[in-house]
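Engineer: Dropping the structure in here first, questions after.
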Amino acid sequence: MLSPDVLQKFISIVGPERCKTSPEDLLTYAYDAYVHEALPDAVLLPQSTPEVSAILKVASAHRVFVTPRGAGSGLGGGSLAKQGGIVLGFSMMNRILEVNTANRYAVVEPGVVIAEFQMAVGKMDLFYPPDPGSANVATMGGAVVMNAGGMRGIKYGVTRDYVLGLEVVLPSGEVMKTGAVTAKDVTGYDLTRLICGSEGTLALVTQVIVRLLPKPKTKRTLQAIYNDLDDAGNTVAKIIAAGIIPATLELMDKTIIKALEDFAHLGLPLDAEAVLLIDVDGDPETVEKQAATVAEFCKNQGARDVRVSQSERENEQLWVARRAAFGAIARVRPTCIIEDATVPVSHLASAIKKILEISERNRVQTAVLAHAGDGNLHPFFLCDQRNQEEMARVEKAMDELVDYALSIGGTLSGEHGIGIAKAKYLPKQLSAASLSIMRGIKKTFDPQGILNPGSFLEHGA
Amino acid sequence: MIAKELKEEVYKCIKCGLCLTPCPVYNLLRFEGASPRGRIQLIKKILEGRAEPSEKFQNLLFTCLLCETCTANCPSGLQTDRLMKAMRTVMQERMGGNWQERILGILPGDKRRLPFFLYCERTRENLLSSGEGKSGAPSAFEPLRSVSPPLREQVPEVNPAPESKGRVLYFTGCATNYLFPNVGHAVIKVLNRMGMEVILPQGQMCCGLPLYQFGGRKAALKNIRENLKLLNRKDIYAVVVDCASCGAALKKEYAHILEEMGENTEPAKELAEKVVDISQILARFDLEKILKPVKGRVTYHDPCHLGRSQGVKEEPRNLLRKIPGLELVEMAGAETCCGGGAALPWEYPEVASGIGRNKIQSIKETRAGIVASGCPWCRQQIAENLGQESIRVLHPVEVLAEALRES
């Protein structure tokens with residue numbers, strides 16, 4: 001609990017309207033898109049870096065826990081006040097401060113929604129590629145501290161590949177800048193990339209500088225339709241091995257296809273076992289050629305049909321549907337735990353088989369989605385969190401999947417982060433030495449341990 | 001009061017957050033309690049007995065436009081707006097609402113007092129407003145309002161066409177009857193011209209939408225029953241409405257409410273088959289030959305209850321396109337709620353006008369001289385927020401009526 005005295009100090013910084021303590025407000029900041037809930041003691045909604053700095057000064061003076069939050073769309077409990085204290089929400093710091101066309105970078109506040117940013121730079125013929133499925137809700141700040149990946153990872157990489165610099169507030173309240181607006185910068189340790197993906201445990205991001213690309217001239221979306229999930233998985237590995245780099249390469253199984261069709265009514269093939277959703281982008285001639293190559297390739301690998309979208313609007317509709325996958329799957333069962341173990345892409349087809357085998361053995365209903373091109377699996381474990389026995393089976397399936405992914409050289413989490421969802425698995429992948437260095441880094445940034453307490457590093461420490 | 005199936009809806013929310021960015025209220029206020037996801041969380045906790053139904057919750061529940069944007073965007077298919085409406089009833093019964101909500105939850109069911117109340121609305125300004133301007137000061141949208149008698153007293157019950165090709169019932173709704181009789185005249189004129197005999201059945205009640213939006217579910221039931229009795233006639237081609245909200249009520253909500261209250265839904269389903277928006281029925285006729293050229297530029301705003309609730313988006317635009325010389329220019333975000341939904345302009349005027357600002361901006365950017373919309377509350381909200389701008393705010397059928405050649 002916060003003492004009235006400390007609370008008063010917070011109110012004096014942001015005013016009573018943006019310091020929320022009613023039970024209703026706390027309940028609505030107790031969740032993200034994961035299944036757990038944790039009530040904060042207060043929610044603060046700062047509007048500027050000086051406010052964030054002042055808040056952290058008070059917090060460190062009184063050892064108040066601070067958990068940053070973007071839009072609360074995370075999938076691992078990263079933005080929950082797991083040990084109480086304040087949730088610091090960035091929804092009101094949502095201005096695009098600069099788009100520099102001459103040097104192709106932009107400076108944004110952390111609360112800017114990714115899709116709105118993409119749209120804003122798109123109007124200037126620029127392109128910000130990182131594209132998590134939740135881009136329509138997730139914020140730039142959230143994407144940075146979680147190092148969000150997404151659907152264009154295969155060709156364009158992840159958030160970290162675009163962050164040039166940051167303005168952050170350290171737990172002490174001190175404001176620090178990292179990086180530069182230049183494309184190259186090797187001055188000292190790369191604190192920008194360290195904070196990117198730190199899950200809000202090192203510093204609070206108050207400004208982000210990202211690099212931008214010229215917008216690809218054109219884009220084509222293909223749907224390769226399969227009667228066999230295996231064939232779809234094999235196609236992916238072969239496309240990659242052949243040196244073709246599509247902009248996106250998504251795999252979805254029949255459960256996902258049905259849920260998306262129920263939501264979006266696009267005429268997706270309900271009788272298919274799997275669909276690969278593939279984007280190719282670039283100059284018109286290249287796109288034309290690549291689309292034909294990819295279509296041919298898929299057919300040779302057993303696709304029964306390849307549909308090529310005829311317009312920008314059709315592309316858009318397909319991707320809107322794909323983005324809704326996580327929500328749409330709630331049509332099947334009320335709870336969905338998304339795994340995001342990632343494997344070397346050559347193992348994709350066998351990994352999918354393994355997932356189905358594990359699910360069947362543990363009697364867990366599973367739908368398979370994958371950012372297939374980069375081996376990033378997204379099995380959806382469909383359940384009802386009100387049923388404890390079922391949830392125990394889901395957990396067992398997750399345990400087995402993690403062990404399997406690690407055994408073939410994969411990773412615990414491709415893009416969702418560790419949060420609380422995967423904290424217990426961390427020692428399986430990270431050595432004692434590497435954990436110890438990470439804890440040392442944490443201590444350097446945050447000696448009192450007030451930032452996002454209860455996060456991954458503390459588990460089993 | 002909340003049906004079992006509707007209660008189960010809260011478990012469909014997986015908290016993906018896709019309802020946040022499109023929600024006009026969240027976009028303005030930018031805290032989670034003002035988002036559909038936040039309200040669903042609170043409804044869930046209250047239904048589970050883990051949270052108290054407080055005044056604060058009630059305020060959050062009513063700071064909602066019921067614009068259905070969240071429902072349209074929810075990938076898991078949650079009927080968010082229906083859940084909110086049902087919860088509003090629960091809260092009003094348990095807590096009693098504020099004075100505006102209480103009036104809106106009772107008055108439209110009262111045949112005797114409603115006309116008096118709406119008469120005051122016409123002659124004094126903003127009777128229900130919490131904000132400035134309820135003193136009777138002239139307002140920017142004065143020209144929209146008329147101080148003439150209600151439409152149904154101005155025109156006969158039966159308006160025959162010169163060469164009758166069919167007969168329609170015209171459900172005028174309260175707004176057209178009491179506040180915007182010009183729209184009614186336009187409807188009758190155009191339909192007559194198309195050879196339709198237009199009957200304005202005496203005794204029609206408020207469609208009931210304000211009642212059930214503000215928790216007066218039982219009062220709404222009375223209106224629904226009377227209207228069903230009056231409008232379900234075998235000898236008619238269609239039941240025409242010019243108001244987006246009345247249309248949504250007659251087409252969709254009647255059956256839903258009757259079902260929720262354990263009543264027979266058959267008469268409501270029968271009626272729904274016959275109800276058409278004025279833009280839908282006019283789309284069936286060949287209008288070109290009766291229209292004269294009009295110079296100008298018009299933009300169209302989609303009312304939530306017409307676009308989202310009824311899926312009627314193209315027909316009103318096509319009406320405007322048919323007028324020779326008139327250029328239809330799309331505004332940015334035509335489907336975004338204008339902020340006039342529910343009773344927000346009265347209960348939370350700052351929120352409503354905050355949301356209205358973006359709409360006004362989009363309208364101005366089109367440089368259109370007319371903004372057309374088939375919902376009286378949208379027109380009122382837009383006109384009020386346009387301030388001194390000389391842009392006319394009209395129903396599409398009014399624009400059409402102005403372009404009719406002399407017969």
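Naming scheme: A, B, ... for chains in displayed order of the structure tokens; residues 1 onward per chain; ligands 1 onward as shown.
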Among the residues of region 10-255 of chain B, find those DSSP assigns to helix (DSSP H, G or I) from the backbone and print them as a VMD selection string.

Structural biologist: chain B and resid 10 to 12 24 to 29 32 to 34 36 to 47 55 to 62 69 to 73 80 to 95 99 to 109 113 to 123 142 to 144 151 to 154 173 to 179 181 to 193 209 to 213 217 to 231 244 to 255

Engineer: Pick out the residues sitting within 9 Å of Ala81 (chain A), and hand them over as a list of chain:residue names; count only C-alpha atoms, and ignore anything fewer than 2 positions along from it in its own chain.

Structural biologist: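 With the cut-off at 9 Å, the set is A:Tyr29, A:Ala30, A:Glu37, A:Ala38, A:Leu39, A:Pro40, A:Asp41, A:Phe65, A:Val66, A:Thr67, A:Pro68, A:Gly77, A:Gly78, A:Ser79, A:Gln83, A:Gly84, A:Gly85, A:Ile86, A:Val87, A:Asn452, A:Pro453, A:Gly454.
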
Engineer: Go through chain B residue by residue and, counting only C-alpha atoms, keep those with an atom at most 7 Å from chain A; for each kept residue give the shortest atom pair and its distance in Å to one decimal, ordered by chain and increasing number, as a tab-separated table.

Structural biologist:
residue	atom	partner	partner_atom	distance
B:Tyr11	CA	A:Pro334	CA	5.6
B:Lys12	CA	A:Pro334	CA	5.1
B:Ile14	CA	A:Gly327	CA	6.2
B:Lys15	CA	A:Ala33	CA	4.9
B:Cys16	CA	A:Ala33	CA	5.4
B:Gly17	CA	A:Val137	CA	6.1
B:Leu18	CA	A:Val137	CA	5.8
B:Leu20	CA	A:Val137	CA	6.7
B:Thr21	CA	A:Val137	CA	6.0
B:Arg30	CA	A:Ser91	CA	5.9
B:Glu32	CA	A:Thr28	CA	6.0
B:Gly33	CA	A:Thr28	CA	5.8
B:Gly38	CA	A:Thr28	CA	5.1
B:Gln41	CA	A:Thr28	CA	6.6
B:Leu42	CA	A:Glu24	CA	6.9
B:Phe57	CA	A:Glu24	CA	6.6
B:Pro75	CA	A:Ala328	CA	4.2
B:Ser76	CA	A:Ala328	CA	4.2
B:Gly77	CA	A:Phe263	CA	6.9

Engineer: Take the residues that were just selected and, keeping N, CA and C atoms, output them as a short mmCIF file (atom, residue, chain, number, x, y, z; two decimals), in the first residue's frame.

Structural biologist:
data_model
loop_
_atom_site.label_atom_id
_atom_site.label_comp_id
_atom_site.auth_asym_id
_atom_site.auth_seq_id
_atom_site.Cartn_x
_atom_site.Cartn_y
_atom_site.Cartn_z
N TYR B 11 -16.67 -13.81 -20.79
CA TYR B 11 -15.55 -14.74 -20.83
C TYR B 11 -14.97 -14.89 -22.23
N LYS B 12 -15.67 -14.30 -23.21
CA LYS B 12 -15.13 -14.30 -24.57
C LYS B 12 -14.05 -13.23 -24.72
N ILE B 14 -10.75 -11.75 -24.45
CA ILE B 14 -9.43 -12.33 -24.20
C ILE B 14 -8.43 -11.20 -23.94
N LYS B 15 -8.96 -9.98 -23.90
CA LYS B 15 -8.20 -8.78 -23.57
C LYS B 15 -7.11 -8.45 -24.61
N CYS B 16 -7.38 -8.77 -25.87
CA CYS B 16 -6.41 -8.49 -26.93
C CYS B 16 -6.25 -6.99 -27.12
N GLY B 17 -7.30 -6.23 -26.77
CA GLY B 17 -7.19 -4.78 -26.84
C GLY B 17 -7.51 -4.17 -28.20
N LEU B 18 -8.00 -4.99 -29.15
CA LEU B 18 -8.28 -4.44 -30.47
C LEU B 18 -9.45 -3.44 -30.45
N LEU B 20 -9.55 -0.94 -28.35
CA LEU B 20 -9.10 0.33 -27.76
C LEU B 20 -8.95 1.44 -28.79
N THR B 21 -8.06 1.22 -29.75
CA THR B 21 -7.74 2.29 -30.70
C THR B 21 -8.97 2.80 -31.46
N ARG B 30 -8.17 8.36 -23.03
CA ARG B 30 -6.90 7.65 -22.93
C ARG B 30 -6.60 7.03 -21.58
N GLU B 32 -7.77 3.36 -19.29
CA GLU B 32 -8.35 2.05 -19.58
C GLU B 32 -9.84 1.93 -19.20
N GLY B 33 -10.23 2.59 -18.11
CA GLY B 33 -11.63 2.51 -17.69
C GLY B 33 -12.59 3.08 -18.72
N GLY B 38 -11.91 -2.26 -20.70
CA GLY B 38 -11.97 -1.93 -19.28
C GLY B 38 -13.36 -2.11 -18.71
N GLN B 41 -14.16 -5.75 -18.28
CA GLN B 41 -13.52 -6.27 -17.07
C GLN B 41 -14.36 -5.94 -15.84
N LEU B 42 -14.85 -4.70 -15.76
CA LEU B 42 -15.62 -4.31 -14.58
C LEU B 42 -16.96 -5.04 -14.54
N PHE B 57 -18.43 3.24 -11.34
CA PHE B 57 -18.64 2.28 -12.43
C PHE B 57 -19.77 2.75 -13.34
N PRO B 75 -12.69 -9.39 -32.50
CA PRO B 75 -12.47 -10.63 -33.24
C PRO B 75 -13.17 -11.83 -32.60
N SER B 76 -13.37 -11.80 -31.29
CA SER B 76 -14.02 -12.97 -30.71
C SER B 76 -15.54 -12.84 -30.72
N GLY B 77 -16.04 -11.78 -31.35
CA GLY B 77 -17.48 -11.68 -31.59
C GLY B 77 -18.30 -11.32 -30.37
#

Engineer: Give me the residues near Asn227 (chain A) as number ranges by chain, where near means some atom within 12 Å (using only C-alpha atoms) and where sequence neighbours in that chain fewer than 3 positions away do not count.

Structural biologist: A: 224, 230-233, 253-254, 269-276, 299, 301-305

Engineer: One decimal, in Å: what's the spacing between CA of Gly208 (chain B) and CA of Lys189 (chain B)?

Structural biologist: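 So the answer is 26.7 Å.
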
Engineer: Leaving out Asp131 (chain A) and any residue of its chain fewer than 4 positions from it, which residues lie within 7 Å of it when counting only C-alpha atoms, given as a tab-separated table (two decimals) with N, CA and C atoms, in the first residue's frame?

Structural biologist:
chain	number	residue	atom	x	y	z
A	135	ALA	N	-0.20	-4.77	-33.67
A	135	ALA	CA	0.21	-3.40	-34.01
A	135	ALA	C	-0.92	-2.38	-33.91
A	149	GLY	N	8.51	-8.56	-32.21
A	149	GLY	CA	8.86	-9.07	-33.54
A	149	GLY	C	7.71	-8.87	-34.48
A	150	GLY	N	7.13	-9.97	-34.94
A	150	GLY	CA	5.94	-9.84	-35.77
A	150	GLY	C	6.08	-10.51	-37.11
A	151	MET	N	5.23	-10.06	-38.00
A	151	MET	CA	5.01	-10.83	-39.22
A	151	MET	C	6.04	-10.56	-40.30
A	152	ARG	N	6.74	-9.42	-40.20
A	152	ARG	CA	7.72	-9.14	-41.26
A	152	ARG	C	9.13	-9.51	-40.84

Engineer: Excluding region 361-370 of chain B and its own-chain neighbours fewer than 3 positions away, which residues fall within 9 Å of it when counting only C-alpha atoms? Please give them as number ranges by chain.

Structural biologist: B: 296-301, 327-334, 356-358, 389-394, 399

Engineer: Go ahead and write the residues just picked, C-alpha atoms, as a CSV table (one decimal), in the first residue's frame.

Structural biologist:
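Result went into selection.csv, see below:
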chain,number,residue,atom,x,y,z
B,296,GLY,CA,-22.4,21.9,-55.2
B,297,ARG,CA,-20.4,19.5,-53.1
B,298,VAL,CA,-21.7,17.2,-50.4
B,299,THR,CA,-20.1,14.9,-47.9
B,300,TYR,CA,-21.7,12.0,-46.1
B,301,HIS,CA,-21.4,11.0,-42.4
B,327,GLU,CA,-20.3,16.1,-56.1
B,328,LEU,CA,-20.0,13.6,-53.3
B,329,VAL,CA,-16.7,13.8,-51.5
B,330,GLU,CA,-15.7,11.2,-48.9
B,331,MET,CA,-14.5,12.6,-45.6
B,332,ALA,CA,-11.8,10.9,-43.6
B,333,GLY,CA,-13.3,8.5,-41.1
B,334,ALA,CA,-16.8,8.8,-42.3
B,356,GLY,CA,-17.0,15.9,-32.3
B,357,ARG,CA,-13.9,18.1,-33.0
B,358,ASN,CA,-12.3,15.4,-35.2
B,389,GLU,CA,-19.3,27.5,-40.2
B,390,SER,CA,-21.7,28.0,-43.1
B,391,ILE,CA,-22.1,24.3,-43.9
B,392,ARG,CA,-25.7,23.0,-44.2
B,393,VAL,CA,-26.5,19.9,-42.2
B,394,LEU,CA,-29.2,17.8,-43.9
B,399,VAL,CA,-31.0,17.0,-50.4

Engineer: Which residues come within 10 Å of region 306-312 of chain A, counting only C-alpha atoms, excluding same-chain residues fewer than 2 positions away, as a PyMOL selection string?

Structural biologist: chain A and resi 218-226+275-279+291-292+294-296+298-299+303-304+314-318

Engineer: Output as a PyMOL selection string all residues of region 351-415 of chain A that backbone DSSP marks as strand (DSSP E or B).

Structural biologist: chain A and resi 365-371+376-383+411

Engineer: Could you write out that same residue set with N, CA and C atoms as a PDB file, in the first residue's frame?

Structural biologist:
ATOM      1  N   GLN A 365      -6.580 -28.856 -26.373  1.00  0.00           N
ATOM      2  CA  GLN A 365      -6.999 -28.422 -27.706  1.00  0.00           C
ATOM      3  C   GLN A 365      -6.022 -27.364 -28.207  1.00  0.00           C
ATOM      4  N   THR A 366      -5.510 -27.571 -29.400  1.00  0.00           N
ATOM      5  CA  THR A 366      -4.461 -26.679 -29.889  1.00  0.00           C
ATOM      6  C   THR A 366      -4.739 -26.226 -31.318  1.00  0.00           C
ATOM      7  N   ALA A 367      -4.472 -24.959 -31.558  1.00  0.00           N
ATOM      8  CA  ALA A 367      -4.500 -24.446 -32.923  1.00  0.00           C
ATOM      9  C   ALA A 367      -3.085 -23.982 -33.244  1.00  0.00           C
ATOM     10  N   VAL A 368      -2.681 -24.160 -34.490  1.00  0.00           N
ATOM     11  CA  VAL A 368      -1.304 -23.789 -34.822  1.00  0.00           C
ATOM     12  C   VAL A 368      -1.258 -22.609 -35.780  1.00  0.00           C
ATOM     13  N   LEU A 369      -0.522 -21.605 -35.318  1.00  0.00           N
ATOM     14  CA  LEU A 369      -0.232 -20.438 -36.135  1.00  0.00           C
ATOM     15  C   LEU A 369       1.286 -20.295 -36.052  1.00  0.00           C
ATOM     16  N   ALA A 370       1.914 -19.763 -37.073  1.00  0.00           N
ATOM     17  CA  ALA A 370       3.351 -19.528 -36.967  1.00  0.00           C
ATOM     18  C   ALA A 370       3.771 -18.397 -37.883  1.00  0.00           C
ATOM     19  N   HIS A 371       4.700 -17.567 -37.354  1.00  0.00           N
ATOM     20  CA  HIS A 371       5.447 -16.700 -38.264  1.00  0.00           C
ATOM     21  C   HIS A 371       6.464 -17.661 -38.853  1.00  0.00           C
ATOM     22  N   ASN A 376       9.195 -19.051 -35.978  1.00  0.00           N
ATOM     23  CA  ASN A 376       8.537 -18.583 -34.765  1.00  0.00           C
ATOM     24  C   ASN A 376       7.147 -19.220 -34.653  1.00  0.00           C
ATOM     25  N   LEU A 377       7.068 -20.252 -33.811  1.00  0.00           N
ATOM     26  CA  LEU A 377       5.811 -20.979 -33.657  1.00  0.00           C
ATOM     27  C   LEU A 377       4.866 -20.230 -32.742  1.00  0.00           C
ATOM     28  N   HIS A 378       3.586 -20.322 -33.050  1.00  0.00           N
ATOM     29  CA  HIS A 378       2.569 -19.776 -32.151  1.00  0.00           C
ATOM     30  C   HIS A 378       1.465 -20.793 -31.933  1.00  0.00           C
ATOM     31  N   PRO A 379       1.774 -21.891 -31.242  1.00  0.00           N
ATOM     32  CA  PRO A 379       0.651 -22.765 -30.910  1.00  0.00           C
ATOM     33  C   PRO A 379      -0.271 -22.058 -29.925  1.00  0.00           C
ATOM     34  N   PHE A 380      -1.559 -22.105 -30.196  1.00  0.00           N
ATOM     35  CA  PHE A 380      -2.554 -21.541 -29.279  1.00  0.00           C
ATOM     36  C   PHE A 380      -3.112 -22.690 -28.463  1.00  0.00           C
ATOM     37  N   PHE A 381      -2.868 -22.685 -27.174  1.00  0.00           N
ATOM     38  CA  PHE A 381      -3.482 -23.697 -26.320  1.00  0.00           C
ATOM     39  C   PHE A 381      -4.843 -23.173 -25.884  1.00  0.00           C
ATOM     40  N   LEU A 382      -5.891 -23.847 -26.314  1.00  0.00           N
ATOM     41  CA  LEU A 382      -7.242 -23.342 -26.088  1.00  0.00           C
ATOM     42  C   LEU A 382      -7.840 -24.019 -24.865  1.00  0.00           C
ATOM     43  N   CYS A 383      -8.284 -23.214 -23.927  1.00  0.00           N
ATOM     44  CA  CYS A 383      -8.728 -23.783 -22.654  1.00  0.00           C
ATOM     45  C   CYS A 383      -9.705 -22.827 -21.975  1.00  0.00           C
ATOM     46  N   THR A 411      14.610 -21.436 -29.125  1.00  0.00           N
ATOM     47  CA  THR A 411      14.625 -20.538 -27.974  1.00  0.00           C
ATOM     48  C   THR A 411      13.250 -20.527 -27.297  1.00  0.00           C
TER      49      THR A 411
END

Engineer: Please, what distance in Å, to one decimal, runs between CA of Phe445 (chain A) and CA of Asp340 (chain A)?

Structural biologist: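 Here the two named atoms are 28.3 Å from each other.
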
Engineer: List the neighbours of Gly97 (chain B) out to 10 Å using only C-alpha atoms; skip same-chain residues closer than 4 positions along the sequence, and give me the result as a list in words.

Structural biologist: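 Skipping anything fewer than 4 positions along the chain leaves Glu55, Gln58, Asn59, Phe62, Arg88, Thr89, Met91, Gln92, Glu93, Glu101, Arg102, Ile103, Leu104, Gly105, Phe214 and Gly215 of chain B.
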